[in-house]
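Worksheet: the structure to be examined is printed underneath.
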Amino acid sequence: MRYQITLLNEPNQEISADLEDKDGKNIYVDFAFRTFSDGSLCANISFNGQVVRNGIICHNLMPLLPNNNYGGNFYFEDKFGNEDPDFENFNDRYMLVWDTEYTIS
């Protein structure tokens with residue numbers, strides 16, 4: 001399953017989400033996003049209260065979690081092209097997706 005996580009149209013934000021993994025187990029995720037002066041977007045991710053990523057740069061369609069141990073993965077998807085996400089177009093153009101079928105090969 002693919003789920004879209006709604007973000008604010010702000011350059012720096014912290015959000016939380018309650019989701020399910022591919023086995024139907026509940027998971028709790030905290031995100032902190034920061035936009036740098038060059039427009040690139042950086043994420044910190046905590047998964048069930050444990051930090052799993054700090055300072056990962058967000059690119060279109062690139063996984064945000066480091067491996068397949070989480071029952072899915074997060075990524076940004078540009079609905080209208082192949083650009084990296086920017087906060088001004090969150091949700092309208094750039095979706096943050098939780099994809100339970102995503103695997104890193």
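Simple scheme: letters A, B, ... for chains in structure tokens order, numbers from 1 for residues in each chain, numbers from 1 for ligands in the order shown.
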At most 8 Å is the cut-off: for each residue in segment 69-89 of chain A with any atom that close to an atom of segment 34-43 of chain A, write down the nearest atom pair and the distance in Å rounded to one decimal, counting only C-alpha atoms, chain first then increasing number, as JSON lines.
```
{"residue": "A:Asp84", "atom": "CA", "partner": "A:Ser40", "partner_atom": "CA", "distance": 7.8}
{"residue": "A:Pro85", "atom": "CA", "partner": "A:Leu41", "partner_atom": "CA", "distance": 7.1}
{"residue": "A:Asp86", "atom": "CA", "partner": "A:Gly39", "partner_atom": "CA", "distance": 6.9}
{"residue": "A:Phe87", "atom": "CA", "partner": "A:Thr35", "partner_atom": "CA", "distance": 7.7}
```
List as a ChimeraX atom specification the protein and nucleic acid residues near Ile104 of chain A, meaning an atom at most 8 Å away when only C-alpha atoms are counted, but skip any in the same chain fewer than 3 places from it. /A:63,67-68
Okay, now the selection with N, CA and C atoms, as a PDB file, in the first residue's frame?
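Produced file out_2.pdb, reproduced below:
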```pdb
ATOM      1  N   PRO A  63      14.801   6.439  -1.592  1.00  0.00           N
ATOM      2  CA  PRO A  63      14.338   5.994  -0.274  1.00  0.00           C
ATOM      3  C   PRO A  63      14.978   6.808   0.854  1.00  0.00           C
ATOM      4  N   ASN A  67      17.461   0.763   4.890  1.00  0.00           N
ATOM      5  CA  ASN A  67      17.409  -0.658   4.515  1.00  0.00           C
ATOM      6  C   ASN A  67      15.965  -1.149   4.524  1.00  0.00           C
ATOM      7  N   ASN A  68      15.784  -2.458   4.401  1.00  0.00           N
ATOM      8  CA  ASN A  68      14.448  -3.055   4.313  1.00  0.00           C
ATOM      9  C   ASN A  68      13.908  -3.529   5.660  1.00  0.00           C
TER      10      ASN A  68
END
```
7 Å contact set for segment 90-100 of chain A, only C-alpha atoms, chain neighbours under 2 positions out, as an mmCIF file with all heavy atoms, in the first residue's frame:
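Output file result_0.cif is given in full below:
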```cif
data_model
loop_
_atom_site.group_PDB
_atom_site.id
_atom_site.type_symbol
_atom_site.label_atom_id
_atom_site.label_comp_id
_atom_site.auth_asym_id
_atom_site.auth_seq_id
_atom_site.Cartn_x
_atom_site.Cartn_y
_atom_site.Cartn_z
ATOM 1 N N MET A 1 0.828 -1.188 0.000
ATOM 2 C CA MET A 1 0.000 0.000 0.000
ATOM 3 C C MET A 1 0.873 1.253 0.000
ATOM 4 O O MET A 1 1.939 1.267 0.581
ATOM 5 C CB MET A 1 -0.888 0.035 1.247
ATOM 6 C CG MET A 1 -1.954 -1.038 1.337
ATOM 7 S SD MET A 1 -3.290 -0.886 0.150
ATOM 8 C CE MET A 1 -4.020 0.666 0.561
ATOM 9 N N ARG A 2 0.363 2.255 -0.647
ATOM 10 C CA ARG A 2 1.027 3.565 -0.666
ATOM 11 C C ARG A 2 0.133 4.557 0.072
ATOM 12 O O ARG A 2 -1.058 4.622 -0.189
ATOM 13 C CB ARG A 2 1.226 4.044 -2.093
ATOM 14 C CG ARG A 2 2.327 3.349 -2.825
ATOM 15 C CD ARG A 2 2.395 3.749 -4.295
ATOM 16 N NE ARG A 2 1.914 5.084 -4.592
ATOM 17 C CZ ARG A 2 2.666 6.078 -5.060
ATOM 18 N NH1 ARG A 2 3.932 5.875 -5.294
ATOM 19 N NH2 ARG A 2 2.152 7.253 -5.321
ATOM 20 N N TYR A 3 0.741 5.310 0.972
ATOM 21 C CA TYR A 3 0.028 6.334 1.722
ATOM 22 C C TYR A 3 0.738 7.658 1.530
ATOM 23 O O TYR A 3 1.964 7.715 1.609
ATOM 24 C CB TYR A 3 0.021 6.012 3.219
ATOM 25 C CG TYR A 3 -0.563 4.678 3.567
ATOM 26 C CD1 TYR A 3 0.252 3.563 3.706
ATOM 27 C CD2 TYR A 3 -1.932 4.527 3.770
ATOM 28 C CE1 TYR A 3 -0.278 2.324 4.032
ATOM 29 C CE2 TYR A 3 -2.467 3.290 4.098
ATOM 30 C CZ TYR A 3 -1.638 2.203 4.230
ATOM 31 O OH TYR A 3 -2.159 0.974 4.549
ATOM 32 N N GLN A 4 -0.025 8.721 1.318
ATOM 33 C CA GLN A 4 0.557 10.054 1.253
ATOM 34 C C GLN A 4 0.505 10.672 2.642
ATOM 35 O O GLN A 4 -0.528 10.639 3.312
ATOM 36 C CB GLN A 4 -0.195 10.947 0.274
ATOM 37 C CG GLN A 4 0.399 12.346 0.211
ATOM 38 C CD GLN A 4 -0.306 13.255 -0.784
ATOM 39 O OE1 GLN A 4 -1.095 12.819 -1.594
ATOM 40 N NE2 GLN A 4 -0.004 14.533 -0.700
ATOM 41 N N ILE A 5 1.626 11.241 3.077
ATOM 42 C CA ILE A 5 1.710 11.928 4.350
ATOM 43 C C ILE A 5 1.634 13.427 4.066
ATOM 44 O O ILE A 5 2.452 13.962 3.316
ATOM 45 C CB ILE A 5 3.002 11.560 5.088
ATOM 46 C CG1 ILE A 5 3.011 10.057 5.360
ATOM 47 C CG2 ILE A 5 3.149 12.367 6.370
ATOM 48 C CD1 ILE A 5 4.329 9.512 5.804
ATOM 49 N N THR A 6 0.648 14.081 4.636
ATOM 50 C CA THR A 6 0.437 15.499 4.393
ATOM 51 C C THR A 6 1.471 16.330 5.144
ATOM 52 O O THR A 6 1.702 16.123 6.333
ATOM 53 C CB THR A 6 -0.984 15.912 4.830
ATOM 54 O OG1 THR A 6 -1.926 15.100 4.127
ATOM 55 C CG2 THR A 6 -1.245 17.378 4.526
ATOM 56 N N LEU A 7 2.098 17.246 4.416
ATOM 57 C CA LEU A 7 3.102 18.141 4.982
ATOM 58 C C LEU A 7 2.601 19.583 4.957
ATOM 59 O O LEU A 7 1.689 19.911 4.203
ATOM 60 C CB LEU A 7 4.403 18.045 4.182
ATOM 61 C CG LEU A 7 5.060 16.677 4.131
ATOM 62 C CD1 LEU A 7 6.240 16.697 3.166
ATOM 63 C CD2 LEU A 7 5.509 16.255 5.514
ATOM 64 N N LEU A 8 3.215 20.419 5.771
ATOM 65 C CA LEU A 8 2.931 21.848 5.756
ATOM 66 C C LEU A 8 3.779 22.513 4.677
ATOM 67 O O LEU A 8 4.855 22.026 4.350
ATOM 68 C CB LEU A 8 3.269 22.464 7.115
ATOM 69 C CG LEU A 8 2.574 21.853 8.321
ATOM 70 C CD1 LEU A 8 3.157 22.423 9.602
ATOM 71 C CD2 LEU A 8 1.079 22.080 8.246
ATOM 72 N N ASN A 9 3.309 23.619 4.144
ATOM 73 C CA ASN A 9 4.093 24.355 3.153
ATOM 74 C C ASN A 9 4.984 25.358 3.874
ATOM 75 O O ASN A 9 4.885 26.563 3.676
ATOM 76 C CB ASN A 9 3.176 25.047 2.146
ATOM 77 C CG ASN A 9 2.423 24.048 1.311
ATOM 78 O OD1 ASN A 9 1.295 23.725 1.624
ATOM 79 N ND2 ASN A 9 3.040 23.541 0.282
ATOM 80 N N ASP A 21 2.889 -1.093 8.810
ATOM 81 C CA ASP A 21 3.894 -1.670 7.915
ATOM 82 C C ASP A 21 3.235 -2.731 7.042
ATOM 83 O O ASP A 21 2.016 -2.934 7.096
ATOM 84 C CB ASP A 21 5.093 -2.214 8.707
ATOM 85 C CG ASP A 21 4.765 -3.405 9.581
ATOM 86 O OD1 ASP A 21 3.655 -3.988 9.460
ATOM 87 O OD2 ASP A 21 5.633 -3.775 10.395
ATOM 88 N N LYS A 22 4.024 -3.435 6.242
ATOM 89 C CA LYS A 22 3.469 -4.403 5.301
ATOM 90 C C LYS A 22 2.807 -5.590 5.989
ATOM 91 O O LYS A 22 1.987 -6.278 5.399
ATOM 92 C CB LYS A 22 4.550 -4.881 4.330
ATOM 93 C CG LYS A 22 5.660 -5.669 4.977
ATOM 94 C CD LYS A 22 6.690 -6.078 3.942
ATOM 95 C CE LYS A 22 7.834 -6.798 4.621
ATOM 96 N NZ LYS A 22 8.880 -7.130 3.682
ATOM 97 N N GLY A 71 9.496 -2.567 7.105
ATOM 98 C CA GLY A 71 8.193 -2.921 6.546
ATOM 99 C C GLY A 71 7.697 -1.943 5.502
ATOM 100 O O GLY A 71 6.502 -1.812 5.277
ATOM 101 N N GLY A 72 8.627 -1.267 4.846
ATOM 102 C CA GLY A 72 8.311 -0.283 3.820
ATOM 103 C C GLY A 72 9.382 0.786 3.791
ATOM 104 O O GLY A 72 10.415 0.662 4.455
ATOM 105 N N ASN A 73 9.119 1.844 3.031
ATOM 106 C CA ASN A 73 10.071 2.950 2.969
ATOM 107 C C ASN A 73 9.335 4.234 2.617
ATOM 108 O O ASN A 73 8.226 4.204 2.084
ATOM 109 C CB ASN A 73 11.177 2.695 1.947
ATOM 110 C CG ASN A 73 12.508 3.264 2.397
ATOM 111 O OD1 ASN A 73 12.587 4.404 2.811
ATOM 112 N ND2 ASN A 73 13.552 2.445 2.308
ATOM 113 N N PHE A 74 9.976 5.350 2.930
ATOM 114 C CA PHE A 74 9.471 6.674 2.600
ATOM 115 C C PHE A 74 10.256 7.224 1.423
ATOM 116 O O PHE A 74 11.445 6.960 1.283
ATOM 117 C CB PHE A 74 9.668 7.638 3.781
ATOM 118 C CG PHE A 74 8.906 7.253 4.999
ATOM 119 C CD1 PHE A 74 9.526 6.579 6.031
ATOM 120 C CD2 PHE A 74 7.563 7.568 5.120
ATOM 121 C CE1 PHE A 74 8.835 6.212 7.166
ATOM 122 C CE2 PHE A 74 6.859 7.209 6.255
ATOM 123 C CZ PHE A 74 7.490 6.537 7.281
ATOM 124 N N TYR A 75 9.584 8.010 0.587
ATOM 125 C CA TYR A 75 10.256 8.734 -0.484
ATOM 126 C C TYR A 75 9.363 9.887 -0.929
ATOM 127 O O TYR A 75 8.154 9.881 -0.683
ATOM 128 C CB TYR A 75 10.594 7.833 -1.675
ATOM 129 C CG TYR A 75 9.425 7.081 -2.260
ATOM 130 C CD1 TYR A 75 8.627 7.647 -3.252
ATOM 131 C CD2 TYR A 75 9.123 5.792 -1.830
ATOM 132 C CE1 TYR A 75 7.558 6.948 -3.789
ATOM 133 C CE2 TYR A 75 8.059 5.090 -2.354
ATOM 134 C CZ TYR A 75 7.278 5.673 -3.337
ATOM 135 O OH TYR A 75 6.204 4.987 -3.856
ATOM 136 N N PHE A 76 9.971 10.871 -1.558
ATOM 137 C CA PHE A 76 9.216 11.959 -2.172
ATOM 138 C C PHE A 76 8.967 11.598 -3.627
ATOM 139 O O PHE A 76 9.828 11.024 -4.293
ATOM 140 C CB PHE A 76 9.989 13.282 -2.097
ATOM 141 C CG PHE A 76 9.846 13.965 -0.772
ATOM 142 C CD1 PHE A 76 10.775 13.747 0.227
ATOM 143 C CD2 PHE A 76 8.779 14.814 -0.532
ATOM 144 C CE1 PHE A 76 10.652 14.366 1.453
ATOM 145 C CE2 PHE A 76 8.643 15.443 0.695
ATOM 146 C CZ PHE A 76 9.579 15.219 1.696
ATOM 147 N N GLU A 77 7.784 11.962 -4.110
ATOM 148 C CA GLU A 77 7.430 11.727 -5.499
ATOM 149 C C GLU A 77 6.949 13.025 -6.134
ATOM 150 O O GLU A 77 6.028 13.671 -5.619
ATOM 151 C CB GLU A 77 6.330 10.672 -5.601
ATOM 152 C CG GLU A 77 5.937 10.346 -7.005
ATOM 153 C CD GLU A 77 4.879 9.264 -7.089
ATOM 154 O OE1 GLU A 77 4.686 8.519 -6.119
ATOM 155 O OE2 GLU A 77 4.234 9.186 -8.154
ATOM 156 N N ASP A 78 7.597 13.397 -7.224
ATOM 157 C CA ASP A 78 7.188 14.562 -8.008
ATOM 158 C C ASP A 78 6.081 14.107 -8.953
ATOM 159 O O ASP A 78 6.314 13.290 -9.842
ATOM 160 C CB ASP A 78 8.396 15.100 -8.787
ATOM 161 C CG ASP A 78 8.075 16.317 -9.633
ATOM 162 O OD1 ASP A 78 6.887 16.682 -9.762
ATOM 163 O OD2 ASP A 78 9.020 16.909 -10.176
ATOM 164 N N LYS A 79 4.870 14.609 -8.767
ATOM 165 C CA LYS A 79 3.717 14.192 -9.572
ATOM 166 C C LYS A 79 3.796 14.671 -11.018
ATOM 167 O O LYS A 79 3.117 14.121 -11.879
ATOM 168 C CB LYS A 79 2.424 14.740 -8.975
ATOM 169 C CG LYS A 79 2.056 14.208 -7.627
ATOM 170 C CD LYS A 79 0.665 14.734 -7.267
ATOM 171 C CE LYS A 79 0.532 15.015 -5.810
ATOM 172 N NZ LYS A 79 -0.823 15.549 -5.495
ATOM 173 N N PHE A 80 4.607 15.713 -11.277
ATOM 174 C CA PHE A 80 4.603 16.325 -12.605
ATOM 175 C C PHE A 80 5.957 16.332 -13.292
ATOM 176 O O PHE A 80 6.140 17.024 -14.291
ATOM 177 C CB PHE A 80 4.086 17.768 -12.504
ATOM 178 C CG PHE A 80 2.732 17.861 -11.846
ATOM 179 C CD1 PHE A 80 2.587 18.547 -10.654
ATOM 180 C CD2 PHE A 80 1.623 17.255 -12.406
ATOM 181 C CE1 PHE A 80 1.350 18.637 -10.028
ATOM 182 C CE2 PHE A 80 0.386 17.329 -11.788
ATOM 183 C CZ PHE A 80 0.248 18.026 -10.601
ATOM 184 N N PRO A 85 12.138 17.675 -4.160
ATOM 185 C CA PRO A 85 11.037 18.392 -3.487
ATOM 186 C C PRO A 85 11.434 19.773 -2.969
ATOM 187 O O PRO A 85 12.581 19.993 -2.582
ATOM 188 C CB PRO A 85 10.691 17.468 -2.322
ATOM 189 C CG PRO A 85 11.919 16.679 -2.065
ATOM 190 C CD PRO A 85 12.581 16.509 -3.401
ATOM 191 N N ASP A 86 10.452 20.678 -3.001
ATOM 192 C CA ASP A 86 10.596 21.970 -2.331
ATOM 193 C C ASP A 86 9.323 22.218 -1.533
ATOM 194 O O ASP A 86 8.232 21.827 -1.945
ATOM 195 C CB ASP A 86 10.890 23.107 -3.309
ATOM 196 C CG ASP A 86 9.702 23.480 -4.159
ATOM 197 O OD1 ASP A 86 8.767 24.117 -3.643
ATOM 198 O OD2 ASP A 86 9.708 23.132 -5.349
ATOM 199 N N PHE A 87 9.488 22.846 -0.375
ATOM 200 C CA PHE A 87 8.395 22.994 0.574
ATOM 201 C C PHE A 87 7.211 23.785 0.030
ATOM 202 O O PHE A 87 6.068 23.558 0.434
ATOM 203 C CB PHE A 87 8.898 23.632 1.875
ATOM 204 C CG PHE A 87 9.214 25.092 1.760
ATOM 205 C CD1 PHE A 87 8.248 26.038 2.040
ATOM 206 C CD2 PHE A 87 10.474 25.514 1.378
ATOM 207 C CE1 PHE A 87 8.530 27.391 1.940
ATOM 208 C CE2 PHE A 87 10.772 26.862 1.277
ATOM 209 C CZ PHE A 87 9.792 27.803 1.558
ATOM 210 N N GLU A 88 7.452 24.713 -0.885
ATOM 211 C CA GLU A 88 6.362 25.543 -1.397
ATOM 212 C C GLU A 88 5.335 24.731 -2.180
ATOM 213 O O GLU A 88 4.194 25.163 -2.329
ATOM 214 C CB GLU A 88 6.920 26.665 -2.268
ATOM 215 C CG GLU A 88 7.717 27.679 -1.472
ATOM 216 C CD GLU A 88 8.378 28.723 -2.335
ATOM 217 O OE1 GLU A 88 8.557 28.488 -3.550
ATOM 218 O OE2 GLU A 88 8.732 29.779 -1.784
ATOM 219 N N TYR A 102 7.799 -1.108 -1.057
ATOM 220 C CA TYR A 102 9.103 -0.628 -1.515
ATOM 221 C C TYR A 102 10.219 -1.455 -0.870
ATOM 222 O O TYR A 102 10.246 -1.641 0.337
ATOM 223 C CB TYR A 102 9.292 0.837 -1.142
ATOM 224 C CG TYR A 102 10.475 1.496 -1.824
ATOM 225 C CD1 TYR A 102 10.290 2.285 -2.936
ATOM 226 C CD2 TYR A 102 11.773 1.307 -1.352
ATOM 227 C CE1 TYR A 102 11.363 2.895 -3.568
ATOM 228 C CE2 TYR A 102 12.850 1.907 -1.990
ATOM 229 C CZ TYR A 102 12.639 2.687 -3.083
ATOM 230 O OH TYR A 102 13.693 3.286 -3.720
#
```
